[in-house]
Structure formats: structure tokens, C-alpha cells
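Engineer: Contents of run-v1.pdb (PDB, C-alpha atoms and all ligand atoms) are given next:
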```pdb
ATOM      1  CA  MET A  29       0.000   0.000   0.000
ATOM      2  CA  VAL A  30       1.527   3.316  -1.101
ATOM      3  CA  LEU A  31       0.527   6.675   0.362
ATOM      4  CA  VAL A  32       1.467   9.736  -1.705
ATOM      5  CA  ARG A  33       1.508  13.048   0.153
ATOM      6  CA  PRO A  34       3.297  16.436   0.138
ATOM      7  CA  VAL A  35       6.842  16.331   1.478
ATOM      8  CA  GLN A  36       7.625  17.439   5.025
ATOM      9  CA  GLU A  37      10.910  18.690   6.448
ATOM     10  CA  THR A  38      11.297  15.391   8.347
ATOM     11  CA  ASP A  39      11.270  13.468   5.028
ATOM     12  CA  LEU A  40      14.399  15.181   3.746
ATOM     13  CA  PRO A  41      16.989  12.648   5.000
ATOM     14  CA  ALA A  42      15.123   9.863   3.178
ATOM     15  CA  VAL A  43      14.678  11.960   0.027
ATOM     16  CA  ALA A  44      18.359  12.906   0.056
ATOM     17  CA  ALA A  45      19.407   9.272   0.547
ATOM     18  CA  ILE A  46      17.355   8.161  -2.485
ATOM     19  CA  TYR A  47      18.822  10.919  -4.668
ATOM     20  CA  ASP A  48      22.396  10.590  -3.406
ATOM     21  CA  GLU A  49      22.395   6.862  -4.247
ATOM     22  CA  GLN A  50      21.661   7.717  -7.889
ATOM     23  CA  VAL A  51      24.274  10.483  -7.905
ATOM     24  CA  ARG A  52      26.846   7.867  -6.892
ATOM     25  CA  ASN A  53      25.603   4.925  -8.942
ATOM     26  CA  GLY A  54      23.288   6.029 -11.755
ATOM     27  CA  ILE A  55      23.123   8.138 -14.880
ATOM     28  CA  SER A  56      19.600   9.434 -14.188
ATOM     29  CA  THR A  57      21.215  12.537 -12.680
ATOM     30  CA  PHE A  58      24.271  14.267 -14.081
ATOM     31  CA  ALA A  59      25.301  15.409 -10.594
ATOM     32  CA  THR A  60      28.517  13.733  -9.477
ATOM     33  CA  GLU A  61      28.782  14.837  -5.829
ATOM     34  CA  PRO A  62      25.950  13.783  -3.473
ATOM     35  CA  PRO A  63      24.474  17.115  -2.280
ATOM     36  CA  GLY A  64      22.851  15.795   0.914
ATOM     37  CA  VAL A  65      19.877  17.251   2.778
ATOM     38  CA  ASP A  66      20.590  20.987   2.399
ATOM     39  CA  HIS A  67      20.098  20.760  -1.366
ATOM     40  CA  TRP A  68      16.382  20.091  -0.780
ATOM     41  CA  ARG A  69      15.365  22.895   1.597
ATOM     42  CA  PRO A  70      14.999  25.676  -1.038
ATOM     43  CA  ARG A  71      12.663  23.463  -3.071
ATOM     44  CA  LEU A  72      10.358  23.025  -0.067
ATOM     45  CA  ALA A  73      10.045  26.798   0.171
ATOM     46  CA  LEU A  74       8.635  27.157  -3.383
ATOM     47  CA  THR A  75       4.911  27.916  -3.303
ATOM     48  CA  ARG A  76       4.013  28.934  -6.864
ATOM     49  CA  PRO A  77       1.272  27.030  -8.687
ATOM     50  CA  GLY A  78       2.914  24.115 -10.478
ATOM     51  CA  ASP A  79       5.681  23.647  -7.909
ATOM     52  CA  HIS A  80       5.188  20.454  -5.917
ATOM     53  CA  VAL A  81       7.274  17.935  -4.014
ATOM     54  CA  LEU A  82       5.450  14.693  -3.238
ATOM     55  CA  VAL A  83       6.731  11.625  -1.444
ATOM     56  CA  ALA A  84       5.563   8.014  -1.539
ATOM     57  CA  GLU A  85       5.369   6.298   1.818
ATOM     58  CA  ARG A  86       5.169   2.525   2.218
ATOM     59  CA  GLU A  87       4.842   0.950   5.663
ATOM     60  CA  GLY A  88       6.031   4.185   7.250
ATOM     61  CA  ASP A  89       9.112   4.600   5.048
ATOM     62  CA  VAL A  90       9.625   7.183   2.307
ATOM     63  CA  VAL A  91      10.491   5.058  -0.747
ATOM     64  CA  GLY A  92      10.210   7.627  -3.543
ATOM     65  CA  TYR A  93       9.564  11.200  -4.489
ATOM     66  CA  VAL A  94       8.597  13.342  -7.458
ATOM     67  CA  TYR A  95       8.906  17.068  -7.857
ATOM     68  CA  SER A  96       7.891  19.616 -10.450
ATOM     69  CA  GLY A  97       9.713  22.871 -10.942
ATOM     70  CA  ASP A  98      10.854  25.387 -13.519
ATOM     71  CA  TYR A  99      11.551  23.976 -16.980
ATOM     72  CA  ARG A 100      13.402  27.184 -17.799
ATOM     73  CA  PRO A 101      13.211  30.370 -15.727
ATOM     74  CA  ARG A 102      11.975  32.931 -18.301
ATOM     75  CA  PRO A 103       8.376  34.060 -17.653
ATOM     76  CA  ALA A 104       6.950  32.774 -20.933
ATOM     77  CA  TYR A 105       7.799  29.219 -19.804
ATOM     78  CA  GLY A 106       5.584  29.771 -16.737
ATOM     79  CA  ARG A 107       2.977  27.143 -17.586
ATOM     80  CA  THR A 108       5.534  24.434 -18.336
ATOM     81  CA  ARG A 109       7.002  22.299 -15.566
ATOM     82  CA  GLU A 110       9.876  19.826 -15.590
ATOM     83  CA  THR A 111       9.526  16.791 -13.356
ATOM     84  CA  SER A 112      12.046  14.604 -11.602
ATOM     85  CA  ILE A 113      11.136  11.236 -10.096
ATOM     86  CA  TYR A 114      13.151   8.759  -8.037
ATOM     87  CA  VAL A 115      12.246   5.516  -6.319
ATOM     88  CA  ALA A 116      14.542   3.689  -3.891
ATOM     89  CA  PRO A 117      16.174   0.633  -5.532
ATOM     90  CA  GLU A 118      14.386  -1.894  -3.306
ATOM     91  CA  ALA A 119      10.962  -0.352  -4.100
ATOM     92  CA  ARG A 120      11.187  -0.193  -7.902
ATOM     93  CA  GLY A 121       8.875  -2.048 -10.253
ATOM     94  CA  ALA A 122       6.019  -2.110  -7.740
ATOM     95  CA  GLY A 123       3.914   0.841  -8.908
ATOM     96  CA  VAL A 124       5.479   3.539  -6.711
ATOM     97  CA  GLY A 125       6.540   5.726  -9.638
ATOM     98  CA  ARG A 126       3.095   5.401 -11.167
ATOM     99  CA  ALA A 127       1.419   6.330  -7.862
ATOM    100  CA  LEU A 128       3.596   9.463  -7.619
ATOM    101  CA  TYR A 129       2.694  10.637 -11.133
ATOM    102  CA  ASP A 130      -0.978   9.723 -10.619
ATOM    103  CA  ALA A 131      -0.982  12.270  -7.781
ATOM    104  CA  LEU A 132       1.227  14.918  -9.387
ATOM    105  CA  LEU A 133      -0.312  15.203 -12.849
ATOM    106  CA  PRO A 134      -3.851  16.122 -11.678
ATOM    107  CA  ALA A 135      -2.305  18.707  -9.337
ATOM    108  CA  LEU A 136      -0.417  20.273 -12.250
ATOM    109  CA  ARG A 137      -3.574  20.266 -14.345
ATOM    110  CA  ALA A 138      -5.509  21.938 -11.511
ATOM    111  CA  ASP A 139      -2.761  24.570 -11.270
ATOM    112  CA  GLY A 140      -3.316  25.522 -14.919
ATOM    113  CA  MET A 141      -0.075  24.040 -16.200
ATOM    114  CA  ARG A 142       0.011  23.249 -19.916
ATOM    115  CA  VAL A 143       3.045  21.043 -20.570
ATOM    116  CA  VAL A 144       5.126  18.666 -18.463
ATOM    117  CA  VAL A 145       8.670  17.854 -19.579
ATOM    118  CA  ALA A 146      10.822  14.958 -18.401
ATOM    119  CA  VAL A 147      14.472  14.659 -19.374
ATOM    120  CA  ILE A 148      15.587  11.020 -19.437
ATOM    121  CA  ALA A 149      19.248  10.079 -19.682
ATOM    122  CA  VAL A 150      19.412   6.828 -21.619
ATOM    123  CA  PRO A 151      19.517   3.896 -21.426
ATOM    124  CA  ASN A 152      16.769   3.925 -18.797
ATOM    125  CA  PRO A 153      14.024   1.428 -19.730
ATOM    126  CA  GLY A 154      12.279   1.876 -16.384
ATOM    127  CA  SER A 155      11.899   5.624 -16.774
ATOM    128  CA  GLN A 156      10.919   5.360 -20.447
ATOM    129  CA  ALA A 157       8.249   2.790 -19.536
ATOM    130  CA  LEU A 158       6.968   4.857 -16.625
ATOM    131  CA  HIS A 159       6.665   8.044 -18.665
ATOM    132  CA  HIS A 160       5.053   6.184 -21.568
ATOM    133  CA  ALA A 161       2.558   4.599 -19.156
ATOM    134  CA  CYS A 162       1.738   8.059 -17.769
ATOM    135  CA  GLY A 163       0.968   9.500 -21.206
ATOM    136  CA  PHE A 164       4.235  11.230 -22.067
ATOM    137  CA  ARG A 165       5.679  10.912 -25.560
ATOM    138  CA  HIS A 166       9.269  11.011 -26.738
ATOM    139  CA  ALA A 167       9.800  14.435 -28.324
ATOM    140  CA  GLY A 168      13.490  14.317 -29.216
ATOM    141  CA  THR A 169      16.997  13.233 -28.312
ATOM    142  CA  LEU A 170      20.111  15.245 -27.500
ATOM    143  CA  HIS A 171      23.221  13.223 -28.239
ATOM    144  CA  GLU A 172      26.241  12.921 -25.948
ATOM    145  CA  VAL A 173      25.318  15.939 -23.817
ATOM    146  CA  GLY A 174      26.401  14.119 -20.652
ATOM    147  CA  HIS A 175      29.656  12.476 -19.617
ATOM    148  CA  LYS A 176      29.616  10.289 -16.512
ATOM    149  CA  PHE A 177      31.374   7.084 -15.490
ATOM    150  CA  GLY A 178      33.754   7.541 -18.432
ATOM    151  CA  ARG A 179      31.192   7.557 -21.229
ATOM    152  CA  TRP A 180      29.015   9.901 -23.243
ATOM    153  CA  ILE A 181      25.300   9.922 -22.434
ATOM    154  CA  ASP A 182      22.296  10.966 -24.547
ATOM    155  CA  THR A 183      19.200  12.592 -23.065
ATOM    156  CA  GLU A 184      15.663  12.194 -24.329
ATOM    157  CA  LEU A 185      13.030  14.886 -23.939
ATOM    158  CA  TRP A 186       9.596  13.488 -23.104
ATOM    159  CA  GLU A 187       6.529  15.743 -23.093
ATOM    160  CA  LEU A 188       2.974  15.544 -21.838
ATOM    161  CA  LEU A 189       0.390  18.095 -22.928
ATOM    162  CA  LEU A 190      -2.085  18.508 -20.082
ATOM    163  CA  ALA A 191      -4.719  20.605 -21.826
TER     164      ALA A 191
HETATM  165  C1  LIG B 201      12.250   5.244 -13.242
HETATM  166  C2  LIG B 201      11.615   4.925 -11.904
HETATM  167  C3  LIG B 201      11.226   6.232 -11.202
HETATM  168  C4  LIG B 201      10.329   4.094 -12.162
HETATM  169  O1  LIG B 201       9.633   3.951 -10.943
HETATM  170  P1  LIG B 201       8.991   2.530 -10.536
HETATM  171  O2  LIG B 201       8.301   2.701  -9.241
HETATM  172  O3  LIG B 201      10.031   1.485 -10.630
HETATM  173  O4  LIG B 201       7.929   2.356 -11.734
HETATM  174  P2  LIG B 201       6.531   1.584 -11.643
HETATM  175  O5  LIG B 201       6.700   0.319 -10.877
HETATM  176  O6  LIG B 201       5.480   2.550 -11.185
HETATM  177  O7  LIG B 201       6.303   1.219 -13.179
HETATM  178  C5  LIG B 201       5.669   2.111 -14.090
HETATM  179  C6  LIG B 201       5.565   1.431 -15.439
HETATM  180  O8  LIG B 201       6.862   1.226 -15.975
HETATM  181  C7  LIG B 201       7.121  -0.176 -16.176
HETATM  182  N1  LIG B 201       8.511  -0.426 -15.750
HETATM  183  C8  LIG B 201       9.060  -0.097 -14.562
HETATM  184  N2  LIG B 201      10.364  -0.455 -14.539
HETATM  185  C9  LIG B 201      10.622  -1.016 -15.745
HETATM  186  C10 LIG B 201      11.796  -1.573 -16.334
HETATM  187  N3  LIG B 201      12.971  -1.596 -15.670
HETATM  188  N4  LIG B 201      11.711  -2.027 -17.601
HETATM  189  C11 LIG B 201      10.552  -1.981 -18.289
HETATM  190  N5  LIG B 201       9.395  -1.473 -17.775
HETATM  191  C12 LIG B 201       9.442  -0.989 -16.527
HETATM  192  C13 LIG B 201       6.124  -0.882 -15.305
HETATM  193  O9  LIG B 201       5.805  -2.153 -15.810
HETATM  194  C14 LIG B 201       4.949   0.055 -15.364
HETATM  195  O10 LIG B 201       4.232  -0.089 -16.592
HETATM  196  P3  LIG B 201       2.647  -0.347 -16.619
HETATM  197  O11 LIG B 201       2.023   0.795 -15.830
HETATM  198  O12 LIG B 201       2.308  -0.321 -18.074
HETATM  199  O13 LIG B 201       2.472  -1.673 -15.934
HETATM  200  C15 LIG B 201      12.570   4.065 -10.999
HETATM  201  O14 LIG B 201      12.967   2.925 -11.721
HETATM  202  C16 LIG B 201      13.809   4.839 -10.561
HETATM  203  O15 LIG B 201      13.767   5.559  -9.555
HETATM  204  N6  LIG B 201      14.930   4.683 -11.292
HETATM  205  C17 LIG B 201      16.168   5.370 -10.954
HETATM  206  C18 LIG B 201      16.031   6.892 -11.046
HETATM  207  C19 LIG B 201      15.498   7.305 -12.388
HETATM  208  O16 LIG B 201      15.864   6.767 -13.425
HETATM  209  N7  LIG B 201      14.607   8.295 -12.360
HETATM  210  C20 LIG B 201      14.003   8.852 -13.548
HETATM  211  C21 LIG B 201      14.854   9.935 -14.071
HETATM  212  S1  LIG B 201      14.234  10.512 -15.670
END
```
If you took the structure in this file and wrote it as C-alpha cells, what would it be?
Structural biologist:
Amino acid sequence: MVLVRPVQETDLPAVAAIYDEQVRNGISTFATEPPGVDHWRPRLALTRPGDHVLVAEREGDVVGYVYSGDYRPRPAYGRTRETSIYVAPEARGAGVGRALYDALLPALRADGMRVVVAVIAVPNPGSQALHHACGFRHAGTLHEVGHKFGRWIDTELWELLLA
């Protein structure tokens, strides 16, 4: 049973642990130094429509999170949001990512957002499948824009039109 709810300050160690693991071991983020808990506090302070941080709780533990924030900062991008979603390794493949998006996307729609963008570093079959299942479509690929673990990495742009 997964409960999805807005993040609280007390969730930040768990959120940071999930993200930091991917910084160290995955290509889903291009960060290379785990930023720890302090990285997350400014995001909790954002209150504009379209800015959300949600966590998934299973048996009392935070096992995943999703957030939506600026795609790009210029005002004309104001009704577009970029999302970022992470599930702890031991909780993947059990519907947690889907539950997070099932809560976030209606909230973005209710906020009047128009487009949701996800940037997927590939290969990442889990993220591609999740975004496809949630209605996103692959809108383009940027080649070799990342370099991590000694190799070049492509990113795919996935978009979902909410209107
Ligand atoms: C990508 C990620 C968030 C997916 O979350 P998840 O909780 O494992 O996904 P779910 O269990 O909700 O699965 C959602 C859909 O994707 C499919 N799926 C999940 N993992 C998959 C995999 N490795 N290969 C193929 N399909 C997969 C599921 O079958 C499901 O499809 P369905 O709804 O049609 O049945 C998770 O794997 C993760 O945190 N990965 C590391 C970080 C990352 O890559 N984040 C995304 C950055 S863009």
C-alpha cells in the first residue's frame, strides 16, 4: 500500500538518501557529488502554482519522491514544468513511480499548467516505460550531452500536454 503526500521537512533525509544513491551509482542525474539534505530545503520553500514535491510512503518509510519545478526560468515558460522522479532501488517495479505521477499530474492540471517535460538520460528502460505509461511521448533526443562514469550519455526529452 503506497501513500502519496506532500513532502515534510522530516522526510528530507530519506529523500536525500534516495537521490544521493543515484548520484553515486546512476546516470539518471548528471550530478557527481551527493548534495545531501541541504540541497532540498529551497525546493520546499517554493509555493508557486505548479511547484510540488510529493513523497511516496510505504509501511512508514519514504520510498520515492517526485517534484515539479521550472523547466526554464523565463516568464513565458511559466505554464511548463519539468519533473524529476526517483524511487529507492528496493521499491522499484512495484507501482510507486506510477502512484507518484498519478498524484502529481492532476495537481499540475488543476494549477493551470500546460506542458510537463521529463528529461531522461538513456539507457533507462524503467523511466521510459513509466513516462510512456503516464501518457508522455518522446519528443526528441540530444546526443552525448552528458559524460559520466567515463562515457558519453544521450538525453531524451519526453513531453505531456495537459490541456
Ligand atoms: C524510473 C523509476 C522512477 C520508475 O519507478 P517505478 O516505481 O520502478 O515504476 P513503476 O513500478 O510505477 O512502473 C511504471 C511502469 O513502468 C514499467 N517499468 C518499470 N520499470 C521497468 C523496467 N525496468 N523495464 C521496463 N518497464 C518498466 C512498469 O511495468 C509500469 O508499466 P505499466 O504501468 O504499463 O504496468 C525508478 O525505476 C527509478 O527511480 N529509477 C532510478 C532513477 C530514475 O531513473 N529516475 C528517472 C529519471 S528521468
Engineer: Figure out the distance between CA of Asn53 (chain A) and CA of Arg126 (chain A), please, to one decimal in Å.
Structural biologist: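 One can read the CA of Arg126 (chain A) to CA of Asn53 (chain A) distance as 22.6 Å.
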Engineer: Kindly resolve the PyMOL selection byres (((chain A and resi 166-171) around 10) and not hetatm) on the present coordinates and return the residues as a list in words.
Structural biologist: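 After applying the PyMOL selection byres (((chain A and resi 166-171) around 10) and not hetatm), what remains is Val145, Ala146, Val147, Ile148, Ala149, Val150, Gln156, His159, His160, Phe164, Arg165, Glu172, Val173, Gly174, Trp180, Ile181, Asp182, Thr183, Glu184, Leu185, Trp186, Glu187 and Leu188 of chain A.
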Engineer: Taking the file as shown, what set of residues would the PyMOL selection byres (((chain A and resi 90-93) around 6) and not hetatm) give back, as JSON, numbers by chain?
Structural biologist: {"A": [82, 83, 84, 85, 89, 94, 113, 114, 115, 116]}
Engineer: From the list A:Gly78, A:Pro134, A:Gly178, A:Gly154, which residue is nearest ligand LIG 201 (chain B) when using only C-alpha atoms and all ligand atoms?
Structural biologist: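 Nearest to ligand LIG 201 (chain B): A:Gly154.
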Engineer: Which is closer to ligand LIG 201 (chain B) than all the others in A:Asp98, A:Glu87, A:Asp48, A:Glu61, using all atoms listed in the file?
Structural biologist: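 For ligand LIG 201 (chain B), the nearest of the given residues is A:Asp48.
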Engineer: Starting from the point (7.0, 34.0, -6.3), work out which residues of protein, DNA or RNA have an atom no more than 12 Å away when counting only C-alpha atoms; state them as a compact mmCIF listing (two decimals) with C-alpha atoms, in the frame of the given file.
Structural biologist:
```
# COMPACT_ATOMS: atom_id res chain seq x y z
CA ALA A 73 10.04 26.80 0.17
CA LEU A 74 8.64 27.16 -3.38
CA THR A 75 4.91 27.92 -3.30
CA ARG A 76 4.01 28.93 -6.86
CA PRO A 77 1.27 27.03 -8.69
CA GLY A 78 2.91 24.12 -10.48
CA ASP A 79 5.68 23.65 -7.91
CA ASP A 98 10.85 25.39 -13.52
CA PRO A 101 13.21 30.37 -15.73
CA PRO A 103 8.38 34.06 -17.65
CA GLY A 106 5.58 29.77 -16.74
```
Engineer: Which one is closest to Val30 (chain A): A:Ala119, A:Ala45, A:Val65, A:Ala104? Count all atoms listed in the file.
Structural biologist: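 Nearest candidate to Val30 (chain A) out of A:Ala119, A:Ala45, A:Val65, A:Ala104: A:Ala119.
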Engineer: Mind giving me the axis-aligned box for ligand LIG 201 (chain B) with 3 Å on every side, centre plus edges in Å to one decimal, as lines of an AutoDock Vina configuration file?
Structural biologist:
```
center_x = 9.1
center_y = 4.2
center_z = -13.8
size_x = 20.1
size_y = 18.7
size_z = 15.0
```
Engineer: Of the candidates A:Asp139, A:Gly97, A:Leu132, A:Cys162, which shows the shortest atom-to-atom distance to Arg71 (chain A), using only C-alpha atoms?
Structural biologist: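 Comparing A:Asp139, A:Gly97, A:Leu132, A:Cys162 against Arg71 (chain A), the winner is A:Gly97.
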Engineer: What is the distance, in Å and to one decimal place, between CA of Asp39 (chain A) and CA of Ser56 (chain A)?
Structural biologist: 21.3 Å
Engineer: Considering only C-alpha atoms, state which residue in the set A:Gly121, A:His175, A:Gly140, A:Ala131 is at the smallest distance from Ser155 (chain A).
Structural biologist: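 Closest residue, counting only C-alpha atoms: A:Gly121.
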Engineer: What does the structure give for the distance between CA of Asn152 (chain A) and CA of Val81 (chain A), in Å to one decimal?
Structural biologist: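 Going from CA of Asn152 (chain A) over to CA of Val81 (chain A), I get 22.5 Å.
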Engineer: So which residues touch Trp68 (chain A) within 9 Å, counting only C-alpha atoms, skipping near sequence neighbours fewer than 3 positions away, as number ranges by chain?
Structural biologist: A: 40, 43-44, 63-65, 71-72
Engineer: For the structure just given, write the atoms of region 146-173 of chain A, namely N, CA, C and O atoms, as an mmCIF file, in the first residue's frame.
Structural biologist:
```cif
data_model
loop_
_atom_site.group_PDB
_atom_site.id
_atom_site.type_symbol
_atom_site.label_atom_id
_atom_site.label_comp_id
_atom_site.auth_asym_id
_atom_site.auth_seq_id
_atom_site.Cartn_x
_atom_site.Cartn_y
_atom_site.Cartn_z
ATOM 1 N N ALA A 146 9.892 15.813 -19.148
ATOM 2 C CA ALA A 146 10.822 14.958 -18.401
ATOM 3 C C ALA A 146 12.054 14.758 -19.268
ATOM 4 O O ALA A 146 11.935 14.540 -20.479
ATOM 5 N N VAL A 147 13.208 14.860 -18.668
ATOM 6 C CA VAL A 147 14.472 14.659 -19.374
ATOM 7 C C VAL A 147 15.049 13.336 -18.890
ATOM 8 O O VAL A 147 15.352 13.187 -17.708
ATOM 9 N N ILE A 148 15.165 12.376 -19.808
ATOM 10 C CA ILE A 148 15.587 11.020 -19.437
ATOM 11 C C ILE A 148 16.946 10.718 -20.045
ATOM 12 O O ILE A 148 17.090 10.672 -21.278
ATOM 13 N N ALA A 149 17.944 10.538 -19.199
ATOM 14 C CA ALA A 149 19.248 10.079 -19.682
ATOM 15 C C ALA A 149 19.136 8.599 -19.995
ATOM 16 O O ALA A 149 18.596 7.828 -19.192
ATOM 17 N N VAL A 150 19.615 8.208 -21.167
ATOM 18 C CA VAL A 150 19.412 6.828 -21.619
ATOM 19 C C VAL A 150 20.744 6.093 -21.752
ATOM 20 O O VAL A 150 21.772 6.726 -22.003
ATOM 21 N N PRO A 151 20.700 4.752 -21.553
ATOM 22 C CA PRO A 151 19.517 3.896 -21.426
ATOM 23 C C PRO A 151 18.864 3.979 -20.046
ATOM 24 O O PRO A 151 19.568 4.048 -19.033
ATOM 25 N N ASN A 152 17.530 3.968 -20.040
ATOM 26 C CA ASN A 152 16.769 3.925 -18.797
ATOM 27 C C ASN A 152 15.373 3.351 -19.093
ATOM 28 O O ASN A 152 14.382 4.081 -19.143
ATOM 29 N N PRO A 153 15.311 2.025 -19.343
ATOM 30 C CA PRO A 153 14.024 1.428 -19.730
ATOM 31 C C PRO A 153 12.935 1.638 -18.697
ATOM 32 O O PRO A 153 11.754 1.773 -19.053
ATOM 33 N N GLY A 154 13.291 1.684 -17.417
ATOM 34 C CA GLY A 154 12.279 1.876 -16.384
ATOM 35 C C GLY A 154 11.630 3.244 -16.490
ATOM 36 O O GLY A 154 10.404 3.379 -16.425
ATOM 37 N N SER A 155 12.452 4.274 -16.680
ATOM 38 C CA SER A 155 11.899 5.624 -16.774
ATOM 39 C C SER A 155 11.132 5.811 -18.078
ATOM 40 O O SER A 155 10.059 6.438 -18.097
ATOM 41 N N GLN A 156 11.655 5.267 -19.174
ATOM 42 C CA GLN A 156 10.919 5.360 -20.447
ATOM 43 C C GLN A 156 9.549 4.693 -20.314
ATOM 44 O O GLN A 156 8.542 5.247 -20.750
ATOM 45 N N ALA A 157 9.521 3.510 -19.688
ATOM 46 C CA ALA A 157 8.249 2.790 -19.536
ATOM 47 C C ALA A 157 7.296 3.555 -18.625
ATOM 48 O O ALA A 157 6.091 3.651 -18.900
ATOM 49 N N LEU A 158 7.821 4.101 -17.546
ATOM 50 C CA LEU A 158 6.968 4.857 -16.625
ATOM 51 C C LEU A 158 6.357 6.065 -17.336
ATOM 52 O O LEU A 158 5.141 6.299 -17.245
ATOM 53 N N HIS A 159 7.189 6.832 -18.018
ATOM 54 C CA HIS A 159 6.665 8.044 -18.665
ATOM 55 C C HIS A 159 5.681 7.684 -19.790
ATOM 56 O O HIS A 159 4.650 8.334 -19.949
ATOM 57 N N HIS A 160 5.990 6.632 -20.534
ATOM 58 C CA HIS A 160 5.053 6.184 -21.568
ATOM 59 C C HIS A 160 3.720 5.791 -20.930
ATOM 60 O O HIS A 160 2.637 6.184 -21.398
ATOM 61 N N ALA A 161 3.786 5.048 -19.832
ATOM 62 C CA ALA A 161 2.558 4.599 -19.156
ATOM 63 C C ALA A 161 1.747 5.780 -18.627
ATOM 64 O O ALA A 161 0.522 5.689 -18.502
ATOM 65 N N CYS A 162 2.424 6.883 -18.325
ATOM 66 C CA CYS A 162 1.738 8.059 -17.769
ATOM 67 C C CYS A 162 1.294 9.039 -18.856
ATOM 68 O O CYS A 162 0.812 10.132 -18.542
ATOM 69 N N GLY A 163 1.498 8.682 -20.122
ATOM 70 C CA GLY A 163 0.968 9.500 -21.206
ATOM 71 C C GLY A 163 1.968 10.418 -21.872
ATOM 72 O O GLY A 163 1.616 11.164 -22.795
ATOM 73 N N PHE A 164 3.205 10.414 -21.421
ATOM 74 C CA PHE A 164 4.235 11.230 -22.067
ATOM 75 C C PHE A 164 4.593 10.611 -23.426
ATOM 76 O O PHE A 164 4.452 9.406 -23.625
ATOM 77 N N ARG A 165 5.131 11.464 -24.317
ATOM 78 C CA ARG A 165 5.679 10.912 -25.560
ATOM 79 C C ARG A 165 7.085 11.456 -25.796
ATOM 80 O O ARG A 165 7.411 12.578 -25.378
ATOM 81 N N HIS A 166 7.887 10.644 -26.444
ATOM 82 C CA HIS A 166 9.269 11.011 -26.738
ATOM 83 C C HIS A 166 9.271 12.126 -27.781
ATOM 84 O O HIS A 166 8.741 11.949 -28.882
ATOM 85 N N ALA A 167 9.853 13.271 -27.435
ATOM 86 C CA ALA A 167 9.800 14.435 -28.324
ATOM 87 C C ALA A 167 11.142 14.737 -28.974
ATOM 88 O O ALA A 167 11.218 15.619 -29.837
ATOM 89 N N GLY A 168 12.197 14.048 -28.579
ATOM 90 C CA GLY A 168 13.490 14.317 -29.216
ATOM 91 C C GLY A 168 14.640 13.823 -28.361
ATOM 92 O O GLY A 168 14.458 13.507 -27.183
ATOM 93 N N THR A 169 15.797 13.738 -28.996
ATOM 94 C CA THR A 169 16.997 13.233 -28.312
ATOM 95 C C THR A 169 18.145 14.213 -28.498
ATOM 96 O O THR A 169 18.352 14.730 -29.604
ATOM 97 N N LEU A 170 18.855 14.487 -27.428
ATOM 98 C CA LEU A 170 20.111 15.245 -27.500
ATOM 99 C C LEU A 170 21.244 14.243 -27.322
ATOM 100 O O LEU A 170 21.224 13.446 -26.372
ATOM 101 N N HIS A 171 22.184 14.265 -28.231
ATOM 102 C CA HIS A 171 23.221 13.223 -28.239
ATOM 103 C C HIS A 171 24.477 13.669 -27.492
ATOM 104 O O HIS A 171 24.983 14.774 -27.695
ATOM 105 N N GLU A 172 24.941 12.782 -26.618
ATOM 106 C CA GLU A 172 26.241 12.921 -25.948
ATOM 107 C C GLU A 172 26.376 14.233 -25.186
ATOM 108 O O GLU A 172 27.466 14.792 -25.097
ATOM 109 N N VAL A 173 25.264 14.695 -24.592
ATOM 110 C CA VAL A 173 25.318 15.939 -23.817
ATOM 111 C C VAL A 173 25.849 15.697 -22.404
ATOM 112 O O VAL A 173 26.195 16.648 -21.705
#
```
